[in-house]
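Below: the structure, in structure tokens.
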Amino acid sequence: MAKSPPTAKDNNTRRFVFNAWLLMLARDRFALFAAIFLLVLVGVALVGSFALEDVATKQNLRGRNAPPFDFNKDWVFWLGGDALGRPLLARIFLASRNTLMIAASAVSFSLIIGCFLGLIAGYTSKFVSHLILRVADVIMSFPSLLLAVIILYMLPPSVINIIVVLAITRIPIYLRTARAEVLEIRERMFIQAATVMGASNKRIIFRHILPIIIPTMVTIATLDFAFVMLAESSLSFLGIGIQPPEITWGLMVAQGRPYLTTAWWLSFWPGLAIILTTLSLNLLSNWLRVVLDPQQRWRMEIGDQKNG
Amino acid sequence: MAEHLLEIKDLAVVFNTIAGQVQAVNGVNLHLDKGEVLAILGESGSGKSVTASAVLNLIDMPPGEITAGEIRFKGENLFDMPPARRRDINGKNIAMIFQDPLSYLNPVYRIGWQIEEALKVHGAKEKEARLETLRLLEKVGITEPISAVRKYPHQFSGGQRQRVMIAMALALRPDILIADEPTTALDVTVQAQILDLLVNLQKETGMALLIITHDLGVVAEVANRVIVMQNGKVIEAGSVRDIYFKPSHKYTKQLIKSAPGKGKFSLGTSSSNPLLSVSKISKNYGVFRALKDISFDLMEGETVAIVGESGSGKSTTAKILLRLENANSGSVFYQNQDILTLSDQDLLKKRRDIQMVFQDPSQSLNPRMTVLQLISEAWVIHPDVLPKNKWLRRVEDLLEQVGLEKEYARRFPHQLSGGQLQRIAIARALALEPKIIICDEAVSALDVSVQAQVISLLKKLKKDLGLSYIFIAHDLPVVRDFADRVIVMKEGQIVETGLTKDIFLKPQKKYTQELLLASLEPDPDVQLARRNTRKKLLEYKI
């Protein structure tokens with residue numbers, strides 16, 4: 001990437017910038033909660049899931065579908081037990097590892113690749129643009145789950161393969177949005193001004209266009225997070241995704257489905273985890289969009305109570 | 001006391017923003033009588049449009065709030081009326097036309113339908129409405145109204161769209177027509193036609209006309225009386241001649257002084273050394289020939305102005321010189337090299353020497369970069385100009401050179417005013433130490449007083465740094481003050497070229513004469529003479 005113009009890089013300035021960001025985060029209460037929630041979640045995924053692995057996989061047939069809020073039991077049973085009597089809370093903790101890894105990797109791969117291809121399709125020659133777009137059309141015209149089924153039928157189901165499949169099927173979303181934005185931004189006058197100065201295509205794409213489309217892309221990515229989690233669970237449900245005893249939230253929802261009328265908590269708690277994660281990401285991306293835009297940043301700097 | 005048609009008393013409007021309260025209009029008094037043309041003159045932010053919006057209840061509330069005053073129409077206070085009655089007055093008694101007709105007309109309906117709609121809403125029958133529409137279109141000078149009613153807004157030119165909008169406004173025979181910058185977006189010759197049309201219609205119907213403008217020329221051309229506004233206050237009012245010849249307020253004096261077109265003519269440059277030599281460039285867009293064999297030279301230290309109306313190819317010429325577009329044929333020689341055929345690598349070196357200042361600085365500066373980043377970007381692209389540790393120092397020097405404080409280096413574009421932004425854009429162009437600066441309508445978007453400041457800055461830089469300019473403009477008075485030589489373009493061809501003095505005082509070609517006659521002078525007497533000449537010319541034509 002092109003070198004950026006000077007910014008004072010001594011430690012003091014860096015600390016100052018970091019503090020300013022923290023302050024702006026503190027000003028937006030929703031974003032602050034979201035950030036804390038996500039931090040805790042990542043902590044749980046990294047540490048908690050390993051510590052609870054044994055507890056979470058231990059079957060206890062007498063405690064099948066144990067109802068939640070029975071505080072006489074061990075704390076891992078507070079959210080109830082599943083069809084094999086395993087503690088739901090511990091299993092949610094355990095599942096967070098796989099879930100977050102698959103969703104985060106798939107989303108970030110598709111975000112990076114889609115964004116990159118979109119920038120190229122939007123800014124370079126017609127031929128390249130057509131080539132990229134037609135490939136995207138092919139991916140899009142295929143129902144994404146069907147595509148995943150075909151690929152995973154040929155490849156052995158593993159975490160890596162699922163990530164690859166999910167990433168590929170989601171690329172066109174980012175690609176097409178990025179391209180559409182680029183087509184609009186490239187006509188703006190400051191792009192012409194940069195060309196007049198002699199800026200290379202690389203510099204114009206990465207220094208002038210990319211920063212403007214990033215907030216949109218990140219917003220789409222956070223929304224897509226939930227979709228990817230559910231798509232992964234559909235694949236698992238079909239038996240070509242994550243295989244038990246491996247576990248993800250989506251798979252937990254799917255496994256709880258037959259018991260919905262008798263033991264709602266089997267699907268409800270992992271479903272709630274999915275919702276809260278997506279919501280937090282969304283709130284945080286909303287905050288990020290405002291902070292990244294110099295014309296809107298003052299809303300956070302002066303501590304406006306209304307959000308963006 | 002006689003009753004006025006419209007009377008505004010002590011009007012005060014504030015806007016509540018998060019940054020605090022902004023007093024947009026502060027104690028404005030004015031009145032308008034039947035058959036009168038009143039102009040409100042002011043620069044951006046003076047509150048002139050807000051005042052007019054208050055009359056038609058167009059202010060968004062909140063954030064806007066009318067804190068004091070009253071507006072009386074035929075003696076009735078508009079603020080005391082029920083909303084239904086007020087809506088009834090809008091359009092029927094008081095109509096308004098806007099600066100940009102394209103955003104005012106609905107793009108998905110035929111214009112005939114849109115005018116009929118206005119008539120039908122206020123109770124006309126289907127057939128009547130259709131006949132009336134045709135009559136109105138004919139009246140505002142749309143040729144072939146019968147086919148025009150079936151067209152959509154995008155099928156008309158800017159001037160025609162403005163005519164359609166006037167027809168719509170006149171549909172209900174209003175007592176008052178408010179025109180908010182009605183000709184700002186139009187070419188000079190079209191501007192003159194539209195103003196003529198407005199004045200004629202006003203005389204014919206006897207309505208009152210309230211024109212809001214920033215242009216002294218428009219005031220001189222159409223108005224009987226003028227009100228000068230600044231910072232939400234009326235600072236001076238009187239007849240057009242009184243205000244122009246005997247201004248009493250400091251601001252008015254300065255406004256009149258900074259109006260372009262009164263300075264001495266340049267005597268031309270002594271240098272006969274062509275710096276840039278353009279020969280026979282042509283550009284086609286499909287079958288449309290945008291440029292036809294354009295040739296001219298730019299001497300060292302010279303300012304060449306290219307004037308012409310929209311579609312004349314002046315901006316295309318600039319784009320070709322900068323290789324933003326490729327020419328179909330022709331050559332541009334600079335330092336014995338044809339820059340139209342240079343490879344990308346060689347071109348990068350030459351780019352340093354030819355820089356550009358764009359029309360709208362709020363568009364041409366990346367909103368996400370600070371001033372420091374914007375200016376020093378030039379050195380990121382051309383690292384050999386300046387070592388990195390001197391960047392900050394040099395940016396501060398450049399800011400000082402264009403008349404800004406060095407503290408501005410940390411600011412973002414949206415924190416600066418239009419004039420300041422254009423100075424930043426000039427500083428950015430200077431960062432590469434160019435030989436030639438191409439200004440594409442570089443001062444058109446600025447207020448008159450700011451315009452004068454930027455022009456004098458450009459003049460000073462020319463003297464200090466030996467720059468040459470290609471100055472593209474549609475505004476003739478500015479060109480008169482600034483250019484050494486003028487090239488007049490029309491429909492992709494050069495009509496006439498010569499020293500500024502010769503072009504302005506002894507124009508040879510008919511088109512140049514028309515252009516000069518159509519341009520507006522702030523001096524009401526000069527403008528009157530011009531209007532008469534124009535009328536004679538018109539009669540002669542018929």
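By convention here, the chains of the structure tokens are called A, B, ... in the order presented, each chain's residues are numbered starting at 1, and ligands are numbered starting at 1 in the order presented.
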Mind checking which residues fall within 7 Å of Ile487 of chain B, counting only C-alpha atoms, ignoring those fewer than 4 positions away in the same chain, and posting them as an mmCIF file with N, CA, C and O atoms, in the first residue's frame?
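Listed below is the output, result-v5.cif:
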data_model
loop_
_atom_site.group_PDB
_atom_site.id
_atom_site.type_symbol
_atom_site.label_atom_id
_atom_site.label_comp_id
_atom_site.auth_asym_id
_atom_site.auth_seq_id
_atom_site.Cartn_x
_atom_site.Cartn_y
_atom_site.Cartn_z
ATOM 1 N N ALA B 305 -7.367 33.340 -20.739
ATOM 2 C CA ALA B 305 -8.696 32.948 -20.286
ATOM 3 C C ALA B 305 -9.423 32.259 -21.423
ATOM 4 O O ALA B 305 -9.344 32.704 -22.571
ATOM 5 N N ILE B 306 -10.104 31.173 -21.109
ATOM 6 C CA ILE B 306 -10.975 30.540 -22.095
ATOM 7 C C ILE B 306 -12.395 30.774 -21.621
ATOM 8 O O ILE B 306 -12.777 30.335 -20.538
ATOM 9 N N VAL B 307 -13.175 31.525 -22.406
ATOM 10 C CA VAL B 307 -14.556 31.780 -22.006
ATOM 11 C C VAL B 307 -15.503 31.127 -23.002
ATOM 12 O O VAL B 307 -15.163 30.914 -24.157
ATOM 13 N N ILE B 494 -12.882 27.609 -31.560
ATOM 14 C CA ILE B 494 -12.478 28.931 -31.108
ATOM 15 C C ILE B 494 -13.136 29.965 -32.012
ATOM 16 O O ILE B 494 -12.997 29.922 -33.236
ATOM 17 N N GLU B 496 -13.033 33.483 -31.376
ATOM 18 C CA GLU B 496 -12.211 34.686 -31.469
ATOM 19 C C GLU B 496 -11.138 34.612 -30.402
ATOM 20 O O GLU B 496 -11.354 34.092 -29.310
ATOM 21 N N THR B 497 -9.981 35.160 -30.708
ATOM 22 C CA THR B 497 -8.962 35.236 -29.678
ATOM 23 C C THR B 497 -8.217 36.551 -29.821
ATOM 24 O O THR B 497 -8.014 37.061 -30.927
ATOM 25 N N GLY B 498 -7.823 37.131 -28.703
ATOM 26 C CA GLY B 498 -7.130 38.409 -28.771
ATOM 27 C C GLY B 498 -6.785 38.907 -27.386
ATOM 28 O O GLY B 498 -7.126 38.266 -26.381
#
*Near chain A, which residues of chain B fall within 10 Å when you count only C-alpha atoms, and what do they look like as a PyMOL selection string?*
chain B and resi 18-19+319+322-324+344-345+347-370+372-382+388-389+391-392+411-415+425+428-429+431-432
*If you run DSSP on this backbone, which residues of segment 215-400 of chain B come out as alpha helix (DSSP H), and could you give them as a ChimeraX atom specification?*
/B:216-222,240-245,250-258,314-321,344-351,361-364,371-381,391-400
*Spatial neighbours of Leu399 of chain B, 9 Å, only C-alpha atoms, chain gap at least 3 places, as a ChimeraX atom specification*: /B:394-396,402-406,408-409,423-424,427
*Considering only C-alpha atoms, return as a ChimeraX atom specification whatever protein or nucleic-acid residues lie within 7 Å of Trp249 of chain A, sequence-local ones (same chain, fewer than 4 positions apart) excluded.*
/A:92,95-96,99,253,270
Applying 8 Å and only C-alpha atoms, which residues near Phe69 of chain A remain after dropping the ones on its own chain fewer than 2 positions away? List them as a CSV table (one decimal) with N, CA, C and O atoms, in the first residue's frame.
chain,number,residue,atom,x,y,z
A,67,PRO,N,-34.8,-28.3,33.1
A,67,PRO,CA,-35.3,-27.0,32.9
A,67,PRO,C,-34.3,-25.9,33.5
A,67,PRO,O,-33.5,-26.3,34.4
A,71,PHE,N,-31.5,-23.2,40.6
A,71,PHE,CA,-30.3,-22.7,41.1
A,71,PHE,C,-29.7,-23.6,42.2
A,71,PHE,O,-28.7,-23.3,42.8
A,78,TRP,N,-27.5,-23.8,35.2
A,78,TRP,CA,-28.5,-22.7,35.4
A,78,TRP,C,-29.3,-22.4,34.2
A,78,TRP,O,-30.5,-22.0,34.3
A,79,LEU,N,-28.8,-22.7,33.0
A,79,LEU,CA,-29.6,-22.5,31.8
A,79,LEU,C,-30.2,-23.8,31.4
A,79,LEU,O,-30.8,-23.9,30.3
A,80,GLY,N,-30.1,-24.8,32.2
A,80,GLY,CA,-30.8,-26.1,31.9
A,80,GLY,C,-29.8,-27.1,31.2
A,80,GLY,O,-28.6,-26.8,31.1
*Smallest atom-to-atom distance to Leu517 of chain B: which of B:Lys536, B:Lys125, B:Lys264, B:Lys250, using only C-alpha atoms?*
B:Lys536
_Using only C-alpha atoms: which of A:Leu272, A:Leu230, A:Ala26, A:Ala167 has the shortest distance to Ala104 of chain A_ = A:Ala167
_Counting only C-alpha atoms, which residue out of A:Gly122, A:Gly48, A:Gly271, A:Gly114 sits closest to Gln255 of chain A?_
A:Gly271
*Provide the atom CA of Leu528 of chain B to atom CA of His249 of chain B distance in Å, to one decimal place.*
24.7 Å
*What's the 12 Å shell around Glu53 of chain A, counting only C-alpha atoms, without same-chain residues fewer than 2 positions away, as a PyMOL selection string?*
chain A and resi 44-51+55-58+76+86-87+89-97+245-247
*Please provide as a list in words all residues within 9 Å of segment 308-311 of chain B, with the sequence filter that same-chain residues fewer than 3 positions apart are discarded (counting only C-alpha atoms).*
Leu186, Asp187, Val188, Thr189, Ala290, Lys314, Ser315, Ile472, Ala473, His474, Asp475, Ile487, Val488, Met489, Lys490, Glu491, Gly492 and Leu515 of chain B
Go ahead and save the picked residues with N, CA and C atoms, as a PDB file, in the first residue's frame.
ATOM      1  N   LEU B 186     -27.234  29.242 -14.721  1.00  0.00           N
ATOM      2  CA  LEU B 186     -27.408  29.321 -16.176  1.00  0.00           C
ATOM      3  C   LEU B 186     -26.265  30.072 -16.861  1.00  0.00           C
ATOM      4  N   ASP B 187     -26.136  29.837 -18.155  1.00  0.00           N
ATOM      5  CA  ASP B 187     -25.168  30.572 -18.968  1.00  0.00           C
ATOM      6  C   ASP B 187     -25.564  32.033 -19.087  1.00  0.00           C
ATOM      7  N   VAL B 188     -24.590  32.889 -19.397  1.00  0.00           N
ATOM      8  CA  VAL B 188     -24.886  34.327 -19.448  1.00  0.00           C
ATOM      9  C   VAL B 188     -25.977  34.699 -20.424  1.00  0.00           C
ATOM     10  N   THR B 189     -25.922  34.144 -21.623  1.00  0.00           N
ATOM     11  CA  THR B 189     -26.945  34.557 -22.599  1.00  0.00           C
ATOM     12  C   THR B 189     -28.323  34.066 -22.174  1.00  0.00           C
ATOM     13  N   ALA B 290     -16.944  17.193 -29.612  1.00  0.00           N
ATOM     14  CA  ALA B 290     -16.855  18.134 -28.493  1.00  0.00           C
ATOM     15  C   ALA B 290     -15.810  19.213 -28.763  1.00  0.00           C
ATOM     16  N   LYS B 314     -14.802  24.129 -23.206  1.00  0.00           N
ATOM     17  CA  LYS B 314     -13.674  24.709 -22.473  1.00  0.00           C
ATOM     18  C   LYS B 314     -13.145  23.779 -21.386  1.00  0.00           C
ATOM     19  N   SER B 315     -14.053  23.086 -20.709  1.00  0.00           N
ATOM     20  CA  SER B 315     -13.581  22.152 -19.683  1.00  0.00           C
ATOM     21  C   SER B 315     -12.940  20.921 -20.308  1.00  0.00           C
ATOM     22  N   ILE B 472     -10.241  29.194 -16.977  1.00  0.00           N
ATOM     23  CA  ILE B 472     -11.487  28.849 -17.650  1.00  0.00           C
ATOM     24  C   ILE B 472     -12.644  29.446 -16.875  1.00  0.00           C
ATOM     25  N   ALA B 473     -13.493  30.205 -17.548  1.00  0.00           N
ATOM     26  CA  ALA B 473     -14.558  30.892 -16.821  1.00  0.00           C
ATOM     27  C   ALA B 473     -15.725  31.186 -17.736  1.00  0.00           C
ATOM     28  N   HIS B 474     -16.896  31.371 -17.122  1.00  0.00           N
ATOM     29  CA  HIS B 474     -18.020  31.849 -17.913  1.00  0.00           C
ATOM     30  C   HIS B 474     -18.347  33.280 -17.497  1.00  0.00           C
ATOM     31  N   ASP B 475     -17.675  33.737 -16.432  1.00  0.00           N
ATOM     32  CA  ASP B 475     -17.994  35.033 -15.857  1.00  0.00           C
ATOM     33  C   ASP B 475     -17.069  36.108 -16.464  1.00  0.00           C
ATOM     34  N   ILE B 487      -9.634  33.730 -25.052  1.00  0.00           N
ATOM     35  CA  ILE B 487     -10.068  32.868 -26.144  1.00  0.00           C
ATOM     36  C   ILE B 487     -11.556  32.636 -25.960  1.00  0.00           C
ATOM     37  N   VAL B 488     -12.337  32.954 -26.968  1.00  0.00           N
ATOM     38  CA  VAL B 488     -13.783  32.749 -26.874  1.00  0.00           C
ATOM     39  C   VAL B 488     -14.128  31.466 -27.612  1.00  0.00           C
ATOM     40  N   MET B 489     -14.802  30.571 -26.924  1.00  0.00           N
ATOM     41  CA  MET B 489     -15.152  29.298 -27.553  1.00  0.00           C
ATOM     42  C   MET B 489     -16.656  29.127 -27.667  1.00  0.00           C
ATOM     43  N   LYS B 490     -17.048  28.441 -28.735  1.00  0.00           N
ATOM     44  CA  LYS B 490     -18.460  28.097 -28.900  1.00  0.00           C
ATOM     45  C   LYS B 490     -18.554  26.783 -29.648  1.00  0.00           C
ATOM     46  N   GLU B 491     -19.352  25.887 -29.125  1.00  0.00           N
ATOM     47  CA  GLU B 491     -19.585  24.591 -29.754  1.00  0.00           C
ATOM     48  C   GLU B 491     -18.299  23.905 -30.210  1.00  0.00           C
ATOM     49  N   GLY B 492     -17.313  23.897 -29.321  1.00  0.00           N
ATOM     50  CA  GLY B 492     -16.095  23.157 -29.620  1.00  0.00           C
ATOM     51  C   GLY B 492     -15.116  23.839 -30.541  1.00  0.00           C
ATOM     52  N   LEU B 515     -22.240  37.778 -26.318  1.00  0.00           N
ATOM     53  CA  LEU B 515     -21.800  37.328 -25.001  1.00  0.00           C
ATOM     54  C   LEU B 515     -21.564  38.531 -24.095  1.00  0.00           C
TER      55      LEU B 515
END
